[in-house]
>>> print(open('coords-v4.cif').read())   # mmCIF, C-alpha atoms
data_coords
#
loop_
_atom_site.label_atom_id
_atom_site.label_comp_id
_atom_site.auth_asym_id
_atom_site.auth_seq_id
_atom_site.Cartn_x
_atom_site.Cartn_y
_atom_site.Cartn_z
CA MET A 1 -85.92 -115.66 -86.82
CA ILE A 2 -87.37 -113.10 -84.48
CA LEU A 3 -91.04 -113.18 -83.53
CA THR A 4 -93.23 -110.23 -84.44
CA GLY A 5 -95.37 -108.60 -81.77
CA ASN A 6 -98.49 -110.29 -83.18
CA GLU A 7 -96.76 -113.66 -82.98
CA ILE A 8 -95.71 -113.03 -79.39
CA ILE A 9 -99.38 -112.39 -78.51
CA LYS A 10 -100.42 -115.59 -80.31
CA GLN A 11 -97.80 -117.70 -78.56
CA VAL A 12 -98.64 -116.25 -75.13
CA LYS A 13 -102.31 -117.18 -75.68
CA LYS A 14 -101.19 -120.70 -76.64
CA ASN A 15 -99.02 -120.91 -73.49
CA ARG A 16 -95.89 -121.43 -75.56
CA ILE A 17 -94.47 -118.18 -74.21
CA THR A 18 -94.99 -117.08 -70.60
CA ILE A 19 -95.23 -113.38 -69.80
CA THR A 20 -97.09 -112.85 -66.53
CA PRO A 21 -98.77 -110.48 -66.05
CA PHE A 22 -99.34 -109.82 -69.76
CA ASP A 23 -100.61 -106.52 -71.16
CA GLU A 24 -101.22 -106.20 -74.90
CA SER A 25 -100.51 -102.48 -74.78
CA LEU A 26 -96.89 -103.34 -73.95
CA VAL A 27 -96.37 -105.23 -77.23
CA ASN A 28 -94.02 -103.64 -79.80
CA PRO A 29 -93.47 -104.58 -83.47
CA ASN A 30 -90.92 -107.21 -82.43
CA SER A 31 -90.65 -107.28 -78.66
CA TYR A 32 -92.52 -106.82 -75.39
CA ASN A 33 -91.86 -104.04 -72.86
CA TYR A 34 -91.10 -105.39 -69.40
CA ARG A 35 -91.13 -103.38 -66.19
CA LEU A 36 -88.63 -102.93 -63.39
CA GLY A 37 -89.43 -105.03 -60.30
CA HIS A 38 -89.48 -103.71 -56.77
CA GLN A 39 -86.19 -105.03 -55.40
CA ILE A 40 -82.59 -104.08 -55.96
CA ILE A 41 -79.18 -105.29 -54.79
CA GLU A 42 -76.10 -103.11 -54.85
CA LEU A 43 -72.85 -105.03 -55.18
CA HIS A 44 -70.61 -103.75 -52.42
CA GLU A 45 -67.11 -102.44 -53.14
CA GLU A 46 -65.57 -105.28 -51.19
CA SER A 47 -67.36 -107.90 -53.32
CA SER A 48 -64.83 -109.68 -55.42
CA LEU A 49 -64.49 -112.99 -57.15
CA GLY A 50 -62.43 -114.29 -54.23
CA ASN A 51 -64.88 -113.28 -51.52
CA SER A 52 -67.38 -115.93 -50.54
CA ASP A 53 -69.42 -114.24 -47.79
CA ASN A 54 -73.05 -113.23 -48.14
CA THR A 55 -72.92 -109.42 -48.24
CA VAL A 56 -74.55 -109.53 -51.69
CA GLU A 57 -77.63 -111.32 -50.30
CA ASN A 58 -78.05 -108.96 -47.33
CA SER A 59 -78.17 -105.75 -49.31
CA CYS A 60 -81.39 -106.60 -51.18
CA HIS A 61 -83.94 -103.83 -50.54
CA ASP A 62 -87.06 -102.28 -52.03
CA ILE A 63 -86.88 -99.44 -54.55
CA PRO A 64 -88.95 -96.62 -53.03
CA LYS A 65 -91.92 -95.25 -55.06
CA SER A 66 -90.17 -91.88 -55.06
CA GLY A 67 -87.30 -93.47 -56.95
CA LEU A 68 -83.69 -94.45 -56.29
CA ILE A 69 -80.62 -92.79 -57.79
CA LEU A 70 -78.08 -95.22 -59.27
CA TYR A 71 -74.46 -94.11 -59.49
CA PRO A 72 -71.75 -94.84 -62.08
CA GLY A 73 -68.96 -97.21 -61.15
CA LYS A 74 -71.34 -99.67 -59.47
CA VAL A 75 -73.32 -102.71 -60.53
CA TYR A 76 -76.89 -103.06 -59.31
CA LEU A 77 -78.94 -106.23 -59.64
CA ALA A 78 -82.67 -105.79 -60.09
CA ASN A 79 -85.28 -107.93 -61.77
CA THR A 80 -88.14 -107.86 -64.21
CA PHE A 81 -91.57 -107.38 -62.66
CA GLU A 82 -92.91 -109.98 -65.11
CA THR A 83 -92.27 -113.71 -65.03
CA ILE A 84 -90.95 -114.49 -68.51
CA GLY A 85 -89.82 -117.60 -70.35
CA SER A 86 -90.46 -120.21 -73.00
CA ASN A 87 -89.62 -123.82 -73.77
CA ASN A 88 -90.09 -123.10 -77.47
CA TYR A 89 -88.48 -119.74 -78.22
CA VAL A 90 -85.19 -118.28 -77.07
CA THR A 91 -85.61 -115.23 -74.87
CA SER A 92 -83.35 -112.24 -75.39
CA LEU A 93 -83.50 -109.25 -73.07
CA ILE A 94 -82.50 -105.79 -74.20
CA GLY A 95 -83.10 -102.28 -72.97
CA ARG A 96 -85.44 -99.67 -74.38
CA SER A 97 -83.82 -96.96 -76.42
CA SER A 98 -85.45 -94.34 -74.16
CA LEU A 99 -83.32 -95.62 -71.27
CA GLY A 100 -80.27 -96.28 -73.43
CA ARG A 101 -80.44 -92.60 -74.43
CA LEU A 102 -80.07 -91.77 -70.73
CA GLY A 103 -77.03 -94.03 -70.49
CA LEU A 104 -78.54 -96.93 -68.53
CA PHE A 105 -77.30 -100.45 -69.31
CA LEU A 106 -79.62 -103.29 -68.32
CA GLN A 107 -77.43 -106.20 -69.28
CA ILE A 108 -73.68 -106.00 -69.12
CA SER A 109 -73.05 -108.78 -71.56
CA ALA A 110 -75.50 -111.56 -70.76
CA ASP A 111 -78.76 -110.83 -72.56
CA LEU A 112 -79.42 -114.33 -73.85
CA GLY A 113 -81.84 -116.51 -71.90
CA ASN A 114 -82.02 -120.28 -71.89
CA LEU A 115 -84.92 -122.28 -73.30
CA GLY A 116 -86.78 -123.49 -70.22
CA PRO A 117 -88.87 -122.49 -67.23
CA ALA A 118 -90.22 -119.00 -66.78
CA HIS A 119 -89.03 -116.74 -63.98
CA LYS A 120 -88.28 -113.13 -63.19
CA TRP A 121 -85.04 -112.15 -64.94
CA THR A 122 -82.14 -110.52 -63.20
CA LEU A 123 -81.13 -107.18 -64.71
CA GLU A 124 -77.52 -105.97 -64.41
CA LEU A 125 -77.93 -102.22 -64.08
CA VAL A 126 -74.94 -100.03 -64.86
CA CYS A 127 -75.22 -96.31 -65.53
CA ILE A 128 -72.90 -93.85 -67.22
CA GLN A 129 -74.31 -90.80 -65.41
CA PRO A 130 -76.30 -90.90 -62.14
CA ILE A 131 -79.88 -91.85 -63.00
CA LYS A 132 -83.09 -92.27 -61.02
CA VAL A 133 -85.12 -95.45 -61.43
CA TYR A 134 -88.67 -96.13 -60.27
CA PRO A 135 -90.35 -99.45 -59.48
CA MET A 136 -92.70 -100.62 -62.26
CA MET A 137 -91.26 -98.27 -64.88
CA LYS A 138 -91.14 -99.69 -68.41
CA ILE A 139 -87.44 -100.35 -68.53
CA GLY A 140 -86.63 -102.93 -71.19
CA GLN A 141 -87.77 -105.19 -73.95
CA VAL A 142 -87.76 -108.92 -74.43
CA SER A 143 -87.58 -110.50 -77.87
CA PHE A 144 -88.17 -114.14 -78.84
CA TRP A 145 -86.22 -116.14 -81.40
CA VAL A 146 -86.98 -119.41 -83.19
CA PRO A 147 -84.27 -121.98 -82.41
CA LYS A 148 -82.99 -124.64 -84.77
CA GLY A 149 -82.41 -128.18 -83.56
CA GLU A 150 -83.64 -130.48 -80.80
CA ILE A 151 -84.60 -128.55 -77.68
CA LEU A 152 -82.61 -129.05 -74.44
CA SER A 153 -84.39 -127.26 -71.62
CA TYR A 154 -82.49 -125.30 -68.91
CA ASN A 155 -82.42 -126.89 -65.48
CA GLY A 156 -79.73 -124.93 -63.66
CA LYS A 157 -78.95 -122.53 -60.86
CA TYR A 158 -81.30 -119.65 -61.57
CA THR A 159 -84.55 -121.45 -62.36
CA ASN A 160 -86.28 -120.97 -59.05
CA TYR A 161 -85.28 -117.45 -58.19
CA SER A 162 -87.56 -114.51 -58.44
CA ILE A 163 -85.43 -112.03 -56.50
CA PRO A 164 -82.36 -110.56 -58.17
CA LYS A 165 -79.53 -112.97 -57.65
CA SER A 166 -75.93 -113.61 -58.41
CA CYS A 167 -74.75 -117.15 -57.81
CA ILE A 168 -71.05 -116.70 -58.54
CA TYR A 169 -70.10 -117.46 -54.93
CA GLU A 170 -71.72 -120.88 -55.10
CA ASP A 171 -69.77 -121.58 -58.28
CA LEU A 172 -66.57 -120.81 -56.41
CA LYS A 173 -67.52 -123.04 -53.48
CA GLY A 174 -67.94 -125.83 -56.00
CA GLY A 175 -71.76 -125.90 -55.76
CA GLN A 176 -74.10 -127.05 -58.56
CA MET B 177 -82.14 -115.81 -90.21
CA ILE B 178 -79.59 -113.12 -90.89
CA LEU B 179 -79.28 -111.58 -94.34
CA THR B 180 -75.99 -111.86 -96.20
CA GLY B 181 -74.36 -108.77 -97.67
CA ASN B 182 -75.52 -109.78 -101.15
CA GLU B 183 -79.07 -110.16 -99.89
CA ILE B 184 -78.94 -106.76 -98.15
CA GLU B 185 -77.91 -105.25 -101.49
CA ARG B 186 -80.73 -107.00 -103.29
CA GLN B 187 -83.34 -105.91 -100.76
CA VAL B 188 -82.11 -102.31 -100.97
CA ASP B 189 -82.50 -102.49 -104.79
CA GLU B 190 -86.01 -103.83 -104.33
CA ASN B 191 -86.87 -101.08 -101.81
CA ARG B 192 -87.57 -103.54 -99.03
CA ILE B 193 -84.66 -102.15 -97.03
CA LYS B 194 -83.87 -98.44 -97.01
CA ILE B 195 -80.27 -97.28 -96.54
CA ASP B 196 -79.84 -93.73 -97.75
CA PRO B 197 -77.23 -92.89 -98.91
CA PHE B 198 -76.16 -96.42 -99.87
CA SER B 199 -72.63 -97.40 -100.92
CA ILE B 200 -71.64 -100.82 -102.15
CA ASP B 201 -68.20 -100.36 -100.54
CA GLN B 202 -69.82 -100.49 -97.14
CA VAL B 203 -71.36 -103.95 -97.57
CA ASN B 204 -69.83 -106.73 -95.44
CA PRO B 205 -70.44 -110.51 -95.56
CA ASN B 206 -73.48 -110.15 -93.27
CA SER B 207 -73.88 -106.52 -92.40
CA TYR B 208 -73.58 -102.96 -93.67
CA ASN B 209 -71.16 -100.38 -92.25
CA PHE B 210 -72.78 -97.08 -91.37
CA ARG B 211 -71.16 -93.70 -90.73
CA LEU B 212 -71.29 -91.30 -87.81
CA GLY B 213 -73.39 -88.20 -88.51
CA ASN B 214 -72.11 -84.71 -87.80
CA LYS B 215 -74.14 -83.82 -84.68
CA ILE B 216 -73.66 -84.97 -81.10
CA ILE B 217 -75.72 -84.01 -78.07
CA TYR B 218 -75.30 -84.48 -74.34
CA TYR B 219 -77.47 -83.69 -71.33
CA LYS B 220 -77.01 -80.49 -69.34
CA ASN B 221 -77.81 -82.30 -66.09
CA THR B 222 -75.43 -84.72 -64.43
CA ILE B 223 -78.15 -86.59 -62.51
CA LEU B 224 -80.83 -87.81 -64.91
CA ASP B 225 -84.46 -88.28 -63.83
CA PRO B 226 -86.58 -90.15 -66.41
CA LYS B 227 -89.71 -88.30 -65.24
CA VAL B 228 -88.27 -84.94 -66.28
CA LYS B 229 -87.67 -83.75 -69.87
CA GLN B 230 -83.89 -83.26 -70.10
CA GLU B 231 -82.24 -80.22 -71.72
CA VAL B 232 -79.39 -80.93 -74.09
CA VAL B 233 -76.31 -79.25 -75.50
CA GLU B 234 -75.77 -79.75 -79.24
CA ILE B 235 -72.33 -79.95 -80.84
CA VAL B 236 -71.54 -79.96 -84.54
CA VAL B 237 -68.60 -82.35 -84.72
CA PRO B 238 -65.69 -80.51 -86.37
CA LYS B 239 -63.55 -82.16 -89.05
CA GLU B 240 -60.64 -82.26 -86.59
CA GLY B 241 -62.75 -84.46 -84.33
CA TYR B 242 -64.39 -84.28 -80.90
CA VAL B 243 -63.25 -86.06 -77.75
CA LEU B 244 -65.84 -88.15 -75.89
CA GLN B 245 -65.23 -88.32 -72.12
CA PRO B 246 -65.99 -91.46 -70.07
CA ASN B 247 -68.30 -89.84 -67.54
CA ARG B 248 -71.05 -88.80 -69.96
CA ILE B 249 -73.56 -90.44 -72.26
CA TYR B 250 -73.39 -88.80 -75.69
CA LEU B 251 -76.01 -89.19 -78.38
CA GLY B 252 -74.76 -89.26 -81.95
CA HIS B 253 -76.57 -90.41 -85.05
CA THR B 254 -76.08 -92.40 -88.19
CA HIS B 255 -75.31 -90.41 -91.31
CA GLU B 256 -77.65 -92.77 -93.16
CA THR B 257 -81.42 -92.88 -92.87
CA MET B 258 -82.29 -96.58 -92.49
CA GLY B 259 -85.16 -98.93 -91.88
CA SER B 260 -87.29 -101.72 -93.24
CA ASP B 261 -90.89 -102.95 -93.20
CA TYR B 262 -89.64 -106.50 -93.78
CA TYR B 263 -86.43 -107.18 -91.85
CA VAL B 264 -85.52 -106.29 -88.29
CA PRO B 265 -82.37 -104.14 -88.15
CA ILE B 266 -79.95 -104.75 -85.30
CA ILE B 267 -77.03 -102.39 -84.83
CA ARG B 268 -73.64 -103.05 -83.31
CA ALA B 269 -70.27 -101.35 -83.28
CA ARG B 270 -67.58 -102.30 -85.73
CA SER B 271 -65.02 -104.38 -83.87
CA SER B 272 -62.31 -101.82 -84.72
CA ILE B 273 -64.32 -99.28 -82.79
CA ALA B 274 -65.21 -101.62 -79.93
CA ARG B 275 -61.50 -102.42 -79.52
CA LEU B 276 -60.99 -98.76 -78.66
CA GLY B 277 -63.60 -99.07 -75.89
CA LEU B 278 -66.42 -97.24 -77.64
CA PHE B 279 -69.95 -98.52 -77.19
CA VAL B 280 -72.30 -97.32 -79.94
CA HIS B 281 -75.42 -98.52 -78.28
CA VAL B 282 -75.91 -98.84 -74.55
CA THR B 283 -78.54 -101.52 -74.48
CA ALA B 284 -81.01 -101.01 -77.29
CA ASP B 285 -79.61 -102.40 -80.49
CA LEU B 286 -82.93 -103.66 -81.87
CA ILE B 287 -84.74 -101.36 -84.30
CA ASP B 288 -88.50 -101.81 -84.76
CA LEU B 289 -89.97 -102.96 -88.07
CA GLY B 290 -91.27 -99.93 -89.92
CA SER B 291 -89.07 -97.43 -88.10
CA TYR B 292 -87.11 -95.15 -90.45
CA ASN B 293 -84.64 -92.66 -89.06
CA GLN B 294 -81.15 -91.47 -88.86
CA TRP B 295 -80.73 -93.69 -85.79
CA THR B 296 -79.60 -92.26 -82.53
CA LEU B 297 -76.34 -93.85 -81.34
CA GLN B 298 -75.83 -94.05 -77.60
CA LEU B 299 -72.10 -93.35 -77.40
CA HIS B 300 -70.09 -94.33 -74.36
CA ALA B 301 -66.30 -94.19 -74.32
CA VAL B 302 -64.53 -96.24 -71.67
CA GLN B 303 -61.41 -94.08 -72.16
CA PRO B 304 -61.41 -90.57 -73.69
CA LEU B 305 -61.81 -91.08 -77.43
CA LYS B 306 -61.86 -88.79 -80.45
CA VAL B 307 -64.60 -89.28 -83.04
CA PHE B 308 -64.86 -87.74 -86.52
CA PRO B 309 -67.90 -86.92 -88.66
CA GLY B 310 -68.40 -89.48 -91.41
CA MET B 311 -66.26 -92.17 -89.76
CA LEU B 312 -67.37 -95.76 -90.29
CA ILE B 313 -68.56 -96.41 -86.77
CA GLY B 314 -71.01 -99.31 -86.72
CA GLN B 315 -72.71 -102.08 -88.62
CA VAL B 316 -76.33 -102.97 -89.15
CA THR B 317 -77.57 -106.52 -89.62
CA PHE B 318 -80.99 -107.52 -90.94
CA TRP B 319 -83.06 -110.41 -89.61
CA GLU B 320 -86.07 -112.29 -90.91
CA THR B 321 -89.23 -112.38 -88.80
CA VAL B 322 -91.89 -114.98 -87.97
CA GLY B 323 -95.52 -114.00 -87.67
CA GLU B 324 -97.88 -111.33 -88.91
CA LYS B 325 -96.14 -107.97 -88.98
CA ILE B 326 -97.12 -104.86 -87.08
CA LEU B 327 -95.16 -101.77 -87.98
CA TYR B 328 -93.70 -99.22 -85.60
CA ASN B 329 -96.07 -96.42 -84.64
CA GLY B 330 -94.27 -94.70 -81.79
CA LYS B 331 -92.40 -91.66 -80.62
CA TYR B 332 -89.27 -91.72 -82.79
CA GLN B 333 -90.08 -91.67 -86.56
CA GLY B 334 -88.70 -89.88 -89.62
CA LEU B 335 -86.07 -88.17 -87.54
CA LYS B 336 -82.82 -86.48 -88.43
CA GLY B 337 -79.99 -85.98 -85.99
CA PRO B 338 -79.65 -87.40 -82.48
CA GLN B 339 -82.79 -87.56 -80.36
CA PRO B 340 -82.73 -87.33 -76.58
CA SER B 341 -84.83 -89.66 -74.47
CA GLN B 342 -88.58 -89.10 -74.45
CA ILE B 343 -89.22 -91.46 -71.56
CA TYR B 344 -90.77 -88.63 -69.51
CA ARG B 345 -93.85 -89.15 -71.72
CA ASP B 346 -94.34 -92.63 -70.21
CA PHE B 347 -94.91 -91.03 -66.81
CA LYS B 348 -97.24 -88.30 -68.14
CA GLU B 349 -99.39 -90.99 -69.78
CA GLU B 350 -99.63 -92.88 -66.51
CA VAL B 351 -100.79 -89.76 -64.66
CA ARG B 352 -103.52 -89.16 -67.27
CA ILE B 353 -104.85 -92.71 -66.77
#
>>> encode(input="coords-v4.cif", output="structure tokens")
Amino acid sequence: MILTGNEIIKQVKKNRITITPFDESLVNPNSYNYRLGHQIIELHEESSLGNSDNTVENSCHDIPKSGLILYPGKVYLANTFETIGSNNYVTSLIGRSSLGRLGLFLQISADLGNLGPAHKWTLELVCIQPIKVYPMMKIGQVSFWVPKGEILSYNGKYTNYSIPKSCIYEDLKGGQ
Amino acid sequence: MILTGNEIERQVDENRIKIDPFSIDQVNPNSYNFRLGNKIIYYKNTILDPKVKQEVVEIVVPKEGYVLQPNRIYLGHTHETMGSDYYVPIIRARSSIARLGLFVHVTADLIDLGSYNQWTLQLHAVQPLKVFPGMLIGQVTFWETVGEKILYNGKYQGLKGPQPSQIYRDFKEEVRI
């Protein structure tokens, strides 16, 4: 079952959902609008599953206030401005239809969060036509779902990161 | 919890879900198949700036079909007007359509409680693909909620035909503050 906006507010006040900073004006009938954080990583053309160097890490930079144009055929990693999470409700990130109508994907296929600690969420930005993005723009929505069954909290690779991150290279090196 | 097809039918009968027009043939085990409406729009500009209101070109999709190209976002719409004050609609493509590489929503499949429209479909074809008016293009599922309901009171309500993005209004509001 999906939480209504009123229930999200209630659960944030009870500290059973974390959304920090929290602004009641960003609550929708069944989701919360999150904003685009300040940093972005562009995956370089030479990045591939077989490449284990750190070019992905080095290309993290700030999105200027005047905006940054994203181009089709590339994947950009950004993050939510807000720290979001819950040990009680499953987090699901989606875009806003206003951005979808401009052809901007925020999650390629991985919109489901794990029950567990709160952090800034990595967004996988892909665009169909070139599109400008601005730091702090309202870019997506997060919804919360009631799980069934005993809760097993996430304790994996991405818990501690608050900059946009891809950890695939560590997987390949046999890390964690 | 997701509503079964039988339950969707019942809730439509009881006016707690609106699907108009409604056809029993389009009910699946846990979803309802909707059709593509007859209008498609795309943006005149190639580079899109969310701060600027974008001009669009409108096409009436001919019976012989219209080819969607991979380098553009197209906005179509559902033939049906749909919505509910009680269950959250979530739209997805039909797998037959997805297997041809057509996305029917880019990232925003969740419809707000209380929002009633011919829904705008964010069409993206991975390979050039022909679409036809009235084709069964997607499915809608309905989900129960937890908590006191607040109904949608935003920009896109009671609409017919595809609607371009109104995100430029976000930035105007910020300037006023």
>>> closest_residue(input="coords-v4.cif", among="A:Arg35, A:Ile94, A:Ile131, A:Pro29", to="Val228 of chain B", atoms="all atoms listed in the file")
A:Ile131
>>> closest_atom_pairs(input="coords-v4.cif", of="chain B", to="chain A", cutoff="7 Å", atoms="only C-alpha atoms", output="CSV")
residue,atom,partner,partner_atom,distance
B:Met177,CA,A:Met1,CA,5.1
B:Thr222,CA,A:Gln129,CA,6.3
B:Ile223,CA,A:Pro130,CA,4.7
B:Leu224,CA,A:Ile131,CA,4.6
B:Asp225,CA,A:Lys132,CA,5.1
B:Pro226,CA,A:Lys132,CA,6.8
B:Asn247,CA,A:Ile128,CA,6.1
B:Arg248,CA,A:Gln129,CA,5.9
B:Ile249,CA,A:Gly103,CA,5.3
B:Leu251,CA,A:Arg101,CA,6.8
B:Val282,CA,A:Gly100,CA,5.2
B:Thr283,CA,A:Gly95,CA,4.9
B:Ala284,CA,A:Gly95,CA,5.0
B:Asp288,CA,A:Pro29,CA,5.8
B:Leu289,CA,A:Pro29,CA,6.0
B:Gln298,CA,A:Arg101,CA,5.8
B:Trp319,CA,A:Met1,CA,6.6
B:Glu320,CA,A:Met1,CA,5.3
B:Thr321,CA,A:Ile2,CA,4.8
B:Val322,CA,A:Leu3,CA,4.9
B:Gly323,CA,A:Glu7,CA,4.9
B:Glu324,CA,A:Asn6,CA,5.9
B:Lys325,CA,A:Thr4,CA,5.8
B:Ile326,CA,A:Pro29,CA,5.1
B:Leu327,CA,A:Pro29,CA,5.6
B:Tyr328,CA,A:Pro29,CA,5.8
B:Pro340,CA,A:Arg101,CA,6.1
B:Ser341,CA,A:Ser98,CA,4.7
B:Gln342,CA,A:Ser98,CA,6.1
B:Ile343,CA,A:Ser98,CA,5.4
>>> resolve_selection(input="coords-v4.cif", expression="the PyMOL selection byres ((chain B and resi 197) around 10)", output="list in words")
Lys194, Ile195, Asp196, Phe198, Ser199, Phe210, His255, Glu256, Thr257 and Met258 of chain B
>>> write_last_selection(input="coords-v4.cif", atoms="C-alpha atoms", output="PDB file, in the frame of the given file")
ATOM      1  CA  LYS B 194     -83.870 -98.440 -97.010  1.00  0.00           C
ATOM      2  CA  ILE B 195     -80.270 -97.280 -96.540  1.00  0.00           C
ATOM      3  CA  ASP B 196     -79.840 -93.730 -97.750  1.00  0.00           C
ATOM      4  CA  PHE B 198     -76.160 -96.420 -99.870  1.00  0.00           C
ATOM      5  CA  SER B 199     -72.630 -97.400-100.920  1.00  0.00           C
ATOM      6  CA  PHE B 210     -72.780 -97.080 -91.370  1.00  0.00           C
ATOM      7  CA  HIS B 255     -75.310 -90.410 -91.310  1.00  0.00           C
ATOM      8  CA  GLU B 256     -77.650 -92.770 -93.160  1.00  0.00           C
ATOM      9  CA  THR B 257     -81.420 -92.880 -92.870  1.00  0.00           C
ATOM     10  CA  MET B 258     -82.290 -96.580 -92.490  1.00  0.00           C
TER      11      MET B 258
END
>>> closest_residue(input="coords-v4.cif", among="A:Ile9, A:Ala78, A:Cys60, A:Ile17", to="Glu124 of chain A", atoms="only C-alpha atoms")
A:Ala78
>>> resolve_selection(input="coords-v4.cif", expression="the PyMOL selection byres ((chain B and resi 309) around 6)", output="MDAnalysis selection string")
chainID B and resid 212:214 308 310:311
>>> residues_around(input="coords-v4.cif", residues="Gln245 of chain B", least_positions_apart="4", cutoff="8 Å", atoms="only C-alpha atoms", output="ChimeraX atom specification")
/B:301-305
>>> atom_distance(input="coords-v4.cif", atom1="atom CA of Leu244 of chain B", atom2="atom CA of Leu278 of chain B")
9.3 Å
>>> resolve_selection(input="coords-v4.cif", expression="the PyMOL selection byres ((chain B and resi 264-267) around 6)", output="PDB file with C-alpha atoms, in the frame of the given file")
ATOM      1  CA  TYR B 263     -86.430-107.180 -91.850  1.00  0.00           C
ATOM      2  CA  ARG B 268     -73.640-103.050 -83.310  1.00  0.00           C
ATOM      3  CA  ASP B 285     -79.610-102.400 -80.490  1.00  0.00           C
ATOM      4  CA  LEU B 286     -82.930-103.660 -81.870  1.00  0.00           C
ATOM      5  CA  ILE B 287     -84.740-101.360 -84.300  1.00  0.00           C
ATOM      6  CA  LEU B 289     -89.970-102.960 -88.070  1.00  0.00           C
ATOM      7  CA  GLN B 315     -72.710-102.080 -88.620  1.00  0.00           C
ATOM      8  CA  VAL B 316     -76.330-102.970 -89.150  1.00  0.00           C
ATOM      9  CA  THR B 317     -77.570-106.520 -89.620  1.00  0.00           C
ATOM     10  CA  PHE B 318     -80.990-107.520 -90.940  1.00  0.00           C
ATOM     11  CA  TRP B 319     -83.060-110.410 -89.610  1.00  0.00           C
TER      12      TRP B 319
END
